[in-house]
$ cat coords_8.cif   # mmCIF, C-alpha atoms
data_upload
#
loop_
_atom_site.group_PDB
_atom_site.id
_atom_site.type_symbol
_atom_site.label_atom_id
_atom_site.label_comp_id
_atom_site.auth_asym_id
_atom_site.auth_seq_id
_atom_site.Cartn_x
_atom_site.Cartn_y
_atom_site.Cartn_z
ATOM 1 C CA MET N 297 0.000 0.000 0.000
ATOM 2 C CA THR N 298 2.918 2.353 0.670
ATOM 3 C CA ALA N 299 4.004 2.326 -2.977
ATOM 4 C CA ALA N 300 0.454 3.148 -4.053
ATOM 5 C CA ARG N 301 0.195 6.018 -1.571
ATOM 6 C CA ASP N 302 3.451 7.485 -2.860
ATOM 7 C CA ARG N 303 1.926 7.719 -6.338
ATOM 8 C CA LEU N 304 -1.278 9.488 -5.302
ATOM 9 C CA CYS N 305 -1.426 13.294 -5.546
ATOM 10 C CA VAL N 306 -4.432 15.019 -3.984
ATOM 11 C CA ALA N 307 -5.362 18.235 -5.771
ATOM 12 C CA LEU N 308 -6.044 20.952 -3.197
ATOM 13 C CA ASP N 309 -8.249 22.968 -5.517
ATOM 14 C CA PHE N 310 -9.481 25.531 -3.013
ATOM 15 C CA ASP N 311 -9.392 29.321 -2.815
ATOM 16 C CA ASP N 312 -8.993 29.193 0.956
ATOM 17 C CA GLY N 313 -5.607 28.445 2.479
ATOM 18 C CA GLN N 314 -7.055 27.266 5.770
ATOM 19 C CA ALA N 315 -9.237 24.679 4.024
ATOM 20 C CA ALA N 316 -6.230 23.458 2.037
ATOM 21 C CA ARG N 317 -3.993 23.221 5.089
ATOM 22 C CA SER N 318 -6.691 21.454 7.088
ATOM 23 C CA LEU N 319 -7.262 18.790 4.440
ATOM 24 C CA ALA N 320 -3.530 18.293 3.904
ATOM 25 C CA ALA N 321 -3.097 17.733 7.636
ATOM 26 C CA ARG N 322 -5.952 15.196 7.654
ATOM 27 C CA LEU N 323 -4.475 13.312 4.705
ATOM 28 C CA LYS N 324 -0.824 13.454 5.785
ATOM 29 C CA GLY N 325 0.729 10.012 5.346
ATOM 30 C CA ARG N 326 -2.245 8.751 3.338
ATOM 31 C CA CYS N 327 -0.935 10.113 0.015
ATOM 32 C CA GLY N 328 2.493 11.007 -1.311
ATOM 33 C CA TRP N 329 1.722 14.337 -2.951
ATOM 34 C CA PHE N 330 -0.468 17.426 -2.707
ATOM 35 C CA LYS N 331 -1.145 19.632 -5.720
ATOM 36 C CA VAL N 332 -1.279 23.393 -5.330
ATOM 37 C CA GLY N 333 -2.804 24.905 -8.437
ATOM 38 C CA LEU N 334 -3.478 28.370 -9.802
ATOM 39 C CA GLU N 335 -6.587 29.107 -7.737
ATOM 40 C CA LEU N 336 -4.934 28.377 -4.406
ATOM 41 C CA PHE N 337 -1.577 29.898 -5.336
ATOM 42 C CA VAL N 338 -3.151 33.164 -6.486
ATOM 43 C CA ALA N 339 -5.245 33.316 -3.321
ATOM 44 C CA GLU N 340 -2.483 32.484 -0.832
ATOM 45 C CA GLY N 341 0.934 32.800 -2.478
ATOM 46 C CA PRO N 342 4.273 31.014 -1.965
ATOM 47 C CA ALA N 343 3.947 30.816 1.831
ATOM 48 C CA LEU N 344 1.061 28.395 1.441
ATOM 49 C CA VAL N 345 3.232 26.097 -0.703
ATOM 50 C CA SER N 346 5.839 25.998 2.048
ATOM 51 C CA ALA N 347 3.153 25.214 4.626
ATOM 52 C CA ILE N 348 1.684 22.349 2.595
ATOM 53 C CA ALA N 349 5.199 20.994 1.975
ATOM 54 C CA ARG N 350 5.382 20.213 5.683
ATOM 55 C CA GLU N 351 2.543 17.722 5.199
ATOM 56 C CA GLY N 352 3.860 16.033 2.028
ATOM 57 C CA ARG N 353 5.537 16.651 -1.310
ATOM 58 C CA VAL N 354 3.996 19.496 -3.297
ATOM 59 C CA PHE N 355 3.300 19.546 -7.011
ATOM 60 C CA LEU N 356 3.109 23.266 -7.822
ATOM 61 C CA ASP N 357 0.805 23.247 -10.818
ATOM 62 C CA LEU N 358 1.165 26.731 -12.342
ATOM 63 C CA LYS N 359 1.533 25.608 -15.979
ATOM 64 C CA LEU N 360 4.078 28.315 -16.768
ATOM 65 C CA HIS N 361 3.794 29.581 -20.345
ATOM 66 C CA ASP N 362 5.493 32.789 -21.444
ATOM 67 C CA ILE N 363 8.665 33.970 -23.147
ATOM 68 C CA PRO N 364 11.749 31.964 -22.101
ATOM 69 C CA ASN N 365 13.246 34.644 -19.875
ATOM 70 C CA THR N 366 10.006 35.130 -17.949
ATOM 71 C CA VAL N 367 9.441 31.416 -17.507
ATOM 72 C CA ALA N 368 13.027 30.952 -16.344
ATOM 73 C CA GLY N 369 12.534 33.574 -13.648
ATOM 74 C CA ALA N 370 9.209 32.126 -12.563
ATOM 75 C CA ALA N 371 10.617 28.592 -12.449
ATOM 76 C CA ARG N 372 13.559 29.779 -10.358
ATOM 77 C CA ALA N 373 11.161 31.450 -7.915
ATOM 78 C CA ALA N 374 8.877 28.400 -7.826
ATOM 79 C CA ALA N 375 11.824 26.185 -6.957
ATOM 80 C CA LYS N 376 12.396 28.257 -3.799
ATOM 81 C CA THR N 377 8.921 27.560 -2.397
ATOM 82 C CA GLY N 378 9.711 24.022 -1.290
ATOM 83 C CA ALA N 379 7.747 22.424 -4.118
ATOM 84 C CA ALA N 380 9.010 18.990 -5.165
ATOM 85 C CA MET N 381 7.623 19.267 -8.701
ATOM 86 C CA ILE N 382 6.690 22.202 -10.954
ATOM 87 C CA ASN N 383 5.368 22.400 -14.481
ATOM 88 C CA VAL N 384 5.334 24.401 -17.691
ATOM 89 C CA HIS N 385 3.287 24.178 -20.889
ATOM 90 C CA ALA N 386 4.958 22.091 -23.593
ATOM 91 C CA SER N 387 3.319 24.273 -26.244
ATOM 92 C CA GLY N 388 5.614 27.082 -25.102
ATOM 93 C CA GLY N 389 8.302 25.368 -27.155
ATOM 94 C CA ARG N 390 11.733 23.853 -26.753
ATOM 95 C CA GLU N 391 13.555 27.099 -25.894
ATOM 96 C CA MET N 392 11.076 27.994 -23.167
ATOM 97 C CA MET N 393 11.224 24.529 -21.602
ATOM 98 C CA ALA N 394 15.025 24.496 -21.713
ATOM 99 C CA ALA N 395 15.100 27.891 -20.026
ATOM 100 C CA ALA N 396 13.008 26.548 -17.157
ATOM 101 C CA ARG N 397 15.229 23.469 -16.922
ATOM 102 C CA ASP N 398 18.390 25.559 -16.769
ATOM 103 C CA ALA N 399 16.891 27.975 -14.242
ATOM 104 C CA ILE N 400 16.311 25.279 -11.630
ATOM 105 C CA SER N 401 19.462 23.278 -12.325
ATOM 106 C CA ALA N 402 21.528 25.323 -9.856
ATOM 107 C CA ALA N 403 19.754 23.515 -7.020
ATOM 108 C CA GLY N 404 21.421 20.289 -8.163
ATOM 109 C CA SER N 405 19.950 17.080 -6.806
ATOM 110 C CA ASP N 406 17.599 19.121 -4.586
ATOM 111 C CA ARG N 407 15.904 20.768 -7.554
ATOM 112 C CA PRO N 408 12.202 20.081 -8.079
ATOM 113 C CA ARG N 409 11.186 17.738 -10.849
ATOM 114 C CA LEU N 410 10.146 19.608 -13.970
ATOM 115 C CA VAL N 411 7.299 18.302 -16.124
ATOM 116 C CA ALA N 412 5.377 19.798 -19.017
ATOM 117 C CA VAL N 413 1.659 19.828 -19.704
ATOM 118 C CA THR N 414 0.913 18.328 -23.108
ATOM 119 C CA LEU N 415 -2.828 18.815 -23.693
ATOM 120 C CA LEU N 416 -5.284 19.671 -20.939
ATOM 121 C CA THR N 417 -7.515 16.739 -20.009
ATOM 122 C CA SER N 418 -10.540 19.029 -20.417
ATOM 123 C CA ILE N 419 -9.825 19.177 -24.173
ATOM 124 C CA GLY N 420 -11.426 16.469 -26.288
ATOM 125 C CA LYS N 421 -11.400 16.054 -30.047
ATOM 126 C CA ASP N 422 -14.126 18.663 -30.651
ATOM 127 C CA ALA N 423 -12.331 21.351 -28.637
ATOM 128 C CA LEU N 424 -9.027 20.417 -30.259
ATOM 129 C CA ALA N 425 -10.550 20.920 -33.709
ATOM 130 C CA GLU N 426 -11.018 24.603 -32.833
ATOM 131 C CA LEU N 427 -7.313 25.011 -32.082
ATOM 132 C CA PRO N 428 -4.387 25.283 -34.539
ATOM 133 C CA PHE N 429 -3.205 21.708 -33.947
ATOM 134 C CA GLU N 430 -3.276 18.943 -36.536
ATOM 135 C CA GLY N 431 -4.346 15.435 -35.606
ATOM 136 C CA SER N 432 -6.126 13.715 -32.736
ATOM 137 C CA PRO N 433 -5.545 14.504 -29.053
ATOM 138 C CA ALA N 434 -3.386 11.371 -28.812
ATOM 139 C CA SER N 435 -1.147 12.333 -31.744
ATOM 140 C CA VAL N 436 -0.728 15.906 -30.489
ATOM 141 C CA VAL N 437 0.238 14.624 -27.038
ATOM 142 C CA ARG N 438 2.775 12.181 -28.474
ATOM 143 C CA ARG N 439 4.474 14.917 -30.498
ATOM 144 C CA LEU N 440 4.606 17.250 -27.526
ATOM 145 C CA ALA N 441 5.919 14.491 -25.240
ATOM 146 C CA ALA N 442 8.769 13.832 -27.658
ATOM 147 C CA LEU N 443 9.626 17.544 -27.625
ATOM 148 C CA VAL N 444 9.562 17.556 -23.805
ATOM 149 C CA ALA N 445 12.010 14.645 -23.704
ATOM 150 C CA GLU N 446 14.309 16.348 -26.215
ATOM 151 C CA ALA N 447 14.271 19.484 -24.043
ATOM 152 C CA GLY N 448 15.586 17.453 -21.120
ATOM 153 C CA LEU N 449 12.616 17.653 -18.773
ATOM 154 C CA ASP N 450 11.661 14.902 -16.329
ATOM 155 C CA GLY N 451 8.323 14.034 -17.879
ATOM 156 C CA VAL N 452 4.864 15.185 -18.872
ATOM 157 C CA VAL N 453 1.358 15.765 -17.634
ATOM 158 C CA CYS N 454 -1.013 13.834 -19.884
ATOM 159 C CA SER N 455 -4.249 11.881 -19.807
ATOM 160 C CA ALA N 456 -4.348 8.136 -19.204
ATOM 161 C CA GLU N 457 -5.272 7.634 -22.857
ATOM 162 C CA GLU N 458 -1.771 8.624 -23.969
ATOM 163 C CA VAL N 459 0.313 7.045 -21.213
ATOM 164 C CA ALA N 460 1.014 3.698 -22.871
ATOM 165 C CA SER N 461 2.322 5.234 -26.102
ATOM 166 C CA ILE N 462 4.434 7.775 -24.192
ATOM 167 C CA ARG N 463 5.858 5.051 -21.961
ATOM 168 C CA ALA N 464 6.739 2.948 -25.017
ATOM 169 C CA ALA N 465 8.476 5.869 -26.715
ATOM 170 C CA GLN N 466 10.254 7.457 -23.745
ATOM 171 C CA GLY N 467 11.052 4.545 -21.435
ATOM 172 C CA PRO N 468 10.394 3.689 -17.800
ATOM 173 C CA ASP N 469 12.075 6.684 -16.149
ATOM 174 C CA PHE N 470 10.089 9.379 -17.958
ATOM 175 C CA LEU N 471 7.424 10.698 -15.588
ATOM 176 C CA ALA N 472 3.797 10.513 -16.639
ATOM 177 C CA VAL N 473 1.680 12.600 -14.274
ATOM 178 C CA VAL N 474 -1.972 11.838 -14.956
ATOM 179 C CA PRO N 475 -4.920 14.034 -13.918
ATOM 180 C CA GLY N 476 -8.522 13.374 -14.902
ATOM 181 C CA ILE N 477 -8.700 10.367 -12.573
ATOM 182 C CA ARG N 478 -12.195 9.309 -11.661
ATOM 183 C CA PRO N 479 -13.093 6.206 -9.611
ATOM 184 C CA SER N 480 -15.805 4.035 -11.134
ATOM 185 C CA GLY N 481 -19.159 5.803 -10.969
ATOM 186 C CA ALA N 482 -17.714 9.244 -10.185
ATOM 187 C CA ASP N 483 -18.883 12.361 -12.037
ATOM 188 C CA ALA N 484 -16.507 13.333 -14.871
ATOM 189 C CA GLY N 485 -17.148 17.045 -14.294
ATOM 190 C CA ASP N 486 -15.395 19.189 -16.921
ATOM 191 C CA GLN N 487 -12.875 16.469 -17.760
ATOM 192 C CA LYS N 488 -13.103 14.773 -21.153
ATOM 193 C CA ARG N 489 -10.187 12.293 -21.238
ATOM 194 C CA ILE N 490 -10.563 10.396 -17.961
ATOM 195 C CA ALA N 491 -9.704 6.992 -16.495
ATOM 196 C CA THR N 492 -10.076 5.005 -13.304
ATOM 197 C CA PRO N 493 -7.061 4.779 -10.985
ATOM 198 C CA GLY N 494 -6.467 1.137 -11.875
ATOM 199 C CA ALA N 495 -6.652 1.719 -15.607
ATOM 200 C CA ALA N 496 -4.244 4.665 -15.434
ATOM 201 C CA LEU N 497 -1.642 2.713 -13.471
ATOM 202 C CA ALA N 498 -2.010 -0.316 -15.714
ATOM 203 C CA ALA N 499 -1.276 1.923 -18.700
ATOM 204 C CA GLY N 500 1.970 3.110 -17.101
ATOM 205 C CA ALA N 501 1.142 6.276 -15.130
ATOM 206 C CA SER N 502 3.756 7.411 -12.610
ATOM 207 C CA ILE N 503 1.631 9.713 -10.426
ATOM 208 C CA LEU N 504 -2.161 10.059 -10.321
ATOM 209 C CA VAL N 505 -3.714 13.454 -9.593
ATOM 210 C CA VAL N 506 -7.150 13.246 -7.981
ATOM 211 C CA GLY N 507 -9.170 16.257 -6.879
ATOM 212 C CA ARG N 508 -12.928 16.451 -6.572
ATOM 213 C CA PRO N 509 -13.581 12.740 -5.903
ATOM 214 C CA ILE N 510 -11.563 13.290 -2.695
ATOM 215 C CA THR N 511 -11.969 16.960 -1.802
ATOM 216 C CA ARG N 512 -15.756 16.938 -2.274
ATOM 217 C CA ALA N 513 -16.294 13.553 -0.655
ATOM 218 C CA ALA N 514 -18.270 13.366 2.593
ATOM 219 C CA ASP N 515 -15.276 11.520 4.060
ATOM 220 C CA PRO N 516 -12.058 12.482 2.217
ATOM 221 C CA GLN N 517 -9.972 10.015 4.225
ATOM 222 C CA ALA N 518 -12.230 7.129 3.234
ATOM 223 C CA ALA N 519 -12.153 8.308 -0.390
ATOM 224 C CA VAL N 520 -8.353 8.283 -0.358
ATOM 225 C CA GLU N 521 -8.252 4.802 1.159
ATOM 226 C CA ALA N 522 -10.614 3.444 -1.504
ATOM 227 C CA ILE N 523 -8.489 4.921 -4.296
ATOM 228 C CA VAL N 524 -5.245 3.655 -2.751
ATOM 229 C CA ALA N 525 -6.748 0.178 -2.435
ATOM 230 C CA GLU N 526 -7.640 0.182 -6.136
ATOM 231 C CA MET N 527 -4.147 1.386 -7.007
ATOM 232 C CA ALA N 528 -2.502 -1.264 -4.855
ATOM 233 C CA ALA N 529 -4.494 -3.992 -6.591
ATOM 234 C CA VAL N 530 -2.920 -3.277 -9.997
#
$ encode --input "coords_8.cif" --output "structure tokens"
Amino acid sequence: MTAARDRLCVALDFDDGQAARSLAARLKGRCGWFKVGLELFVAEGPALVSAIAREGRVFLDLKLHDIPNTVAGAARAAAKTGAAMINVHASGGREMMAAARDAISAAGSDRPRLVAVTLLTSIGKDALAELPFEGSPASVVRRLAALVAEAGLDGVVCSAEEVASIRAAQGPDFLAVVPGIRPSGADAGDQKRIATPGAALAAGASILVVGRPITRAADPQAAVEAIVAEMAAV
């Protein structure tokens, strides 16, 4: 069960720092990671990241996307918050991703892991058709994942649908962080490319990011235990 817990990231998608800290304290030791995203970071700032890091490893999910110099500066600042993993948008291009990589490299082995978002899991084929990308969601993600690897990053954020092909192309050490995880019977919400915890791990996911099925559950601790049990059974 410990290995499964280490691969579960609970998304603290709140706008209230006290609520986030309270839930992180309740779930300490039950999961390996906590995600701090844009909503919470904008509301509470870097100090909240440092506070959550005392309860478990933090994935600082800011999806940095700007000119290389700006992203480098933001990545360098993010690395000082105590976050164990940060991310950028792969669509920002090779130069931007390399700038972020170089900016955090001074921390050496203590640097946070750096991953890149390929295609948001809220984007399905119909939404993709409105964007200037050619091909299916899966083909776009594969091309972006290859670019991420060439830029020297640690891995990608992708949906479970693309994990197997990314794992085959990039090998076992390339991180595949997978959001859009929904236990059987759970509401998909605004997510389009989703999977159950078991299916995502079976496909080769490294870390599963789960939000609303836990944070909106009547008993978040019980929800975590049910998800961990499904993960451990794979």
$ residues_near_point --input "coords_8.cif" --point "(8.4, 11.5, -16.6)" --cutoff "9 Å" --atoms "all atoms listed in the file" --output "list in words"
Arg409, Leu410, Val411, Ala445, Leu449, Asp450, Gly451, Val452, Val453, Arg463, Gln466, Gly467, Pro468, Asp469, Phe470, Leu471, Ala472, Val473 and Ser502 of chain N
$ closest_residue --input "coords_8.cif" --among "N:Arg303, N:Arg478, N:Lys359, N:Arg512" --to "Gly388 of chain N" --atoms "all atoms listed in the file"
N:Lys359
$ resolve_selection --input "coords_8.cif" --expression "the PyMOL selection byres ((chain N and resi 414) around 9)" --output "list in words"
His385, Ala386, Ser387, Ala412, Val413, Leu415, Leu416, Val436, Val437, Arg438, Arg439, Leu440, Ala441, Val444, Val452, Val453, Cys454 and Ser455 of chain N
$ closest_residue --input "coords_8.cif" --among "N:Ala394, N:Ile363, N:Leu304, N:Ile348" --to "Cys327 of chain N" --atoms "all atoms listed in the file"
N:Leu304
$ residues_around --input "coords_8.cif" --residues "Val345 of chain N" --least-positions-apart "3" --cutoff "8 Å" --atoms "only C-alpha atoms" --output "count of residues only"
11
$ closest_residue --input "coords_8.cif" --among "N:Gly500, N:Gly389, N:Pro433, N:Gly369" --to "Ala456 of chain N" --atoms "all atoms listed in the file"
N:Gly500
$ resolve_selection --input "coords_8.cif" --expression "the PyMOL selection byres ((chain N and resi 314) around 12)" --output "MDAnalysis selection string"
chainID N and resid 308 310:313 315:321 336 339:340 344 347:348
$ residues_around --input "coords_8.cif" --residues "Ser432 of chain N" --least-positions-apart "3" --cutoff "12 Å" --atoms "all atoms listed in the file" --output "mmCIF file with C-alpha atoms, in the frame of the given file"
data_model
loop_
_atom_site.group_PDB
_atom_site.id
_atom_site.type_symbol
_atom_site.label_atom_id
_atom_site.label_comp_id
_atom_site.auth_asym_id
_atom_site.auth_seq_id
_atom_site.Cartn_x
_atom_site.Cartn_y
_atom_site.Cartn_z
ATOM 1 C CA LEU N 415 -2.828 18.815 -23.693
ATOM 2 C CA ILE N 419 -9.825 19.177 -24.173
ATOM 3 C CA GLY N 420 -11.426 16.469 -26.288
ATOM 4 C CA LYS N 421 -11.400 16.054 -30.047
ATOM 5 C CA ASP N 422 -14.126 18.663 -30.651
ATOM 6 C CA ALA N 423 -12.331 21.351 -28.637
ATOM 7 C CA LEU N 424 -9.027 20.417 -30.259
ATOM 8 C CA ALA N 425 -10.550 20.920 -33.709
ATOM 9 C CA GLU N 426 -11.018 24.603 -32.833
ATOM 10 C CA LEU N 427 -7.313 25.011 -32.082
ATOM 11 C CA PRO N 428 -4.387 25.283 -34.539
ATOM 12 C CA PHE N 429 -3.205 21.708 -33.947
ATOM 13 C CA SER N 435 -1.147 12.333 -31.744
ATOM 14 C CA VAL N 436 -0.728 15.906 -30.489
ATOM 15 C CA VAL N 437 0.238 14.624 -27.038
ATOM 16 C CA ARG N 438 2.775 12.181 -28.474
ATOM 17 C CA ARG N 439 4.474 14.917 -30.498
ATOM 18 C CA GLU N 457 -5.272 7.634 -22.857
ATOM 19 C CA GLU N 458 -1.771 8.624 -23.969
#
$ atom_distance --input "coords_8.cif" --atom1 "atom CA of Ile400 of chain N" --atom2 "atom CA of Gly476 of chain N"
27.7 Å
$ build_atoms --input "coords_8.cif" --residues "segment 322-338 of chain N" --atoms "N, CA and C atoms" --output "PDB file, keeping the file's coordinate frame"
ATOM      1  N   ARG N 322      -5.135  16.406   7.467  1.00  0.00           N
ATOM      2  CA  ARG N 322      -5.952  15.196   7.654  1.00  0.00           C
ATOM      3  C   ARG N 322      -5.445  14.032   6.801  1.00  0.00           C
ATOM      4  N   LEU N 323      -4.897  14.359   5.637  1.00  0.00           N
ATOM      5  CA  LEU N 323      -4.475  13.312   4.705  1.00  0.00           C
ATOM      6  C   LEU N 323      -2.979  13.010   4.770  1.00  0.00           C
ATOM      7  N   LYS N 324      -2.264  13.677   5.653  1.00  0.00           N
ATOM      8  CA  LYS N 324      -0.824  13.454   5.785  1.00  0.00           C
ATOM      9  C   LYS N 324      -0.536  11.975   6.024  1.00  0.00           C
ATOM     10  N   GLY N 325       0.379  11.421   5.226  1.00  0.00           N
ATOM     11  CA  GLY N 325       0.729  10.012   5.346  1.00  0.00           C
ATOM     12  C   GLY N 325      -0.175   9.070   4.573  1.00  0.00           C
ATOM     13  N   ARG N 326      -1.317   9.580   4.111  1.00  0.00           N
ATOM     14  CA  ARG N 326      -2.245   8.751   3.338  1.00  0.00           C
ATOM     15  C   ARG N 326      -2.004   8.879   1.840  1.00  0.00           C
ATOM     16  N   CYS N 327      -1.279   9.911   1.423  1.00  0.00           N
ATOM     17  CA  CYS N 327      -0.935  10.113   0.015  1.00  0.00           C
ATOM     18  C   CYS N 327       0.475  10.691  -0.038  1.00  0.00           C
ATOM     19  N   GLY N 328       1.107  10.558  -1.187  1.00  0.00           N
ATOM     20  CA  GLY N 328       2.493  11.007  -1.311  1.00  0.00           C
ATOM     21  C   GLY N 328       2.652  12.452  -1.730  1.00  0.00           C
ATOM     22  N   TRP N 329       1.614  13.011  -2.357  1.00  0.00           N
ATOM     23  CA  TRP N 329       1.722  14.337  -2.951  1.00  0.00           C
ATOM     24  C   TRP N 329       0.465  15.158  -2.695  1.00  0.00           C
ATOM     25  N   PHE N 330       0.644  16.487  -2.680  1.00  0.00           N
ATOM     26  CA  PHE N 330      -0.468  17.426  -2.707  1.00  0.00           C
ATOM     27  C   PHE N 330      -0.223  18.408  -3.849  1.00  0.00           C
ATOM     28  N   LYS N 331      -1.273  18.679  -4.613  1.00  0.00           N
ATOM     29  CA  LYS N 331      -1.145  19.632  -5.720  1.00  0.00           C
ATOM     30  C   LYS N 331      -1.674  20.991  -5.293  1.00  0.00           C
ATOM     31  N   VAL N 332      -0.859  22.004  -5.506  1.00  0.00           N
ATOM     32  CA  VAL N 332      -1.279  23.393  -5.330  1.00  0.00           C
ATOM     33  C   VAL N 332      -1.369  24.005  -6.718  1.00  0.00           C
ATOM     34  N   GLY N 333      -2.581  24.375  -7.101  1.00  0.00           N
ATOM     35  CA  GLY N 333      -2.804  24.905  -8.437  1.00  0.00           C
ATOM     36  C   GLY N 333      -2.974  26.411  -8.454  1.00  0.00           C
ATOM     37  N   LEU N 334      -3.381  26.928  -9.599  1.00  0.00           N
ATOM     38  CA  LEU N 334      -3.478  28.370  -9.802  1.00  0.00           C
ATOM     39  C   LEU N 334      -4.416  29.041  -8.807  1.00  0.00           C
ATOM     40  N   GLU N 335      -5.601  28.473  -8.602  1.00  0.00           N
ATOM     41  CA  GLU N 335      -6.587  29.107  -7.737  1.00  0.00           C
ATOM     42  C   GLU N 335      -6.026  29.328  -6.333  1.00  0.00           C
ATOM     43  N   LEU N 336      -5.460  28.283  -5.759  1.00  0.00           N
ATOM     44  CA  LEU N 336      -4.934  28.377  -4.406  1.00  0.00           C
ATOM     45  C   LEU N 336      -3.679  29.238  -4.343  1.00  0.00           C
ATOM     46  N   PHE N 337      -2.808  29.123  -5.336  1.00  0.00           N
ATOM     47  CA  PHE N 337      -1.577  29.898  -5.336  1.00  0.00           C
ATOM     48  C   PHE N 337      -1.870  31.392  -5.454  1.00  0.00           C
ATOM     49  N   VAL N 338      -2.811  31.757  -6.327  1.00  0.00           N
ATOM     50  CA  VAL N 338      -3.151  33.164  -6.486  1.00  0.00           C
ATOM     51  C   VAL N 338      -3.790  33.712  -5.210  1.00  0.00           C
TER      52      VAL N 338
END
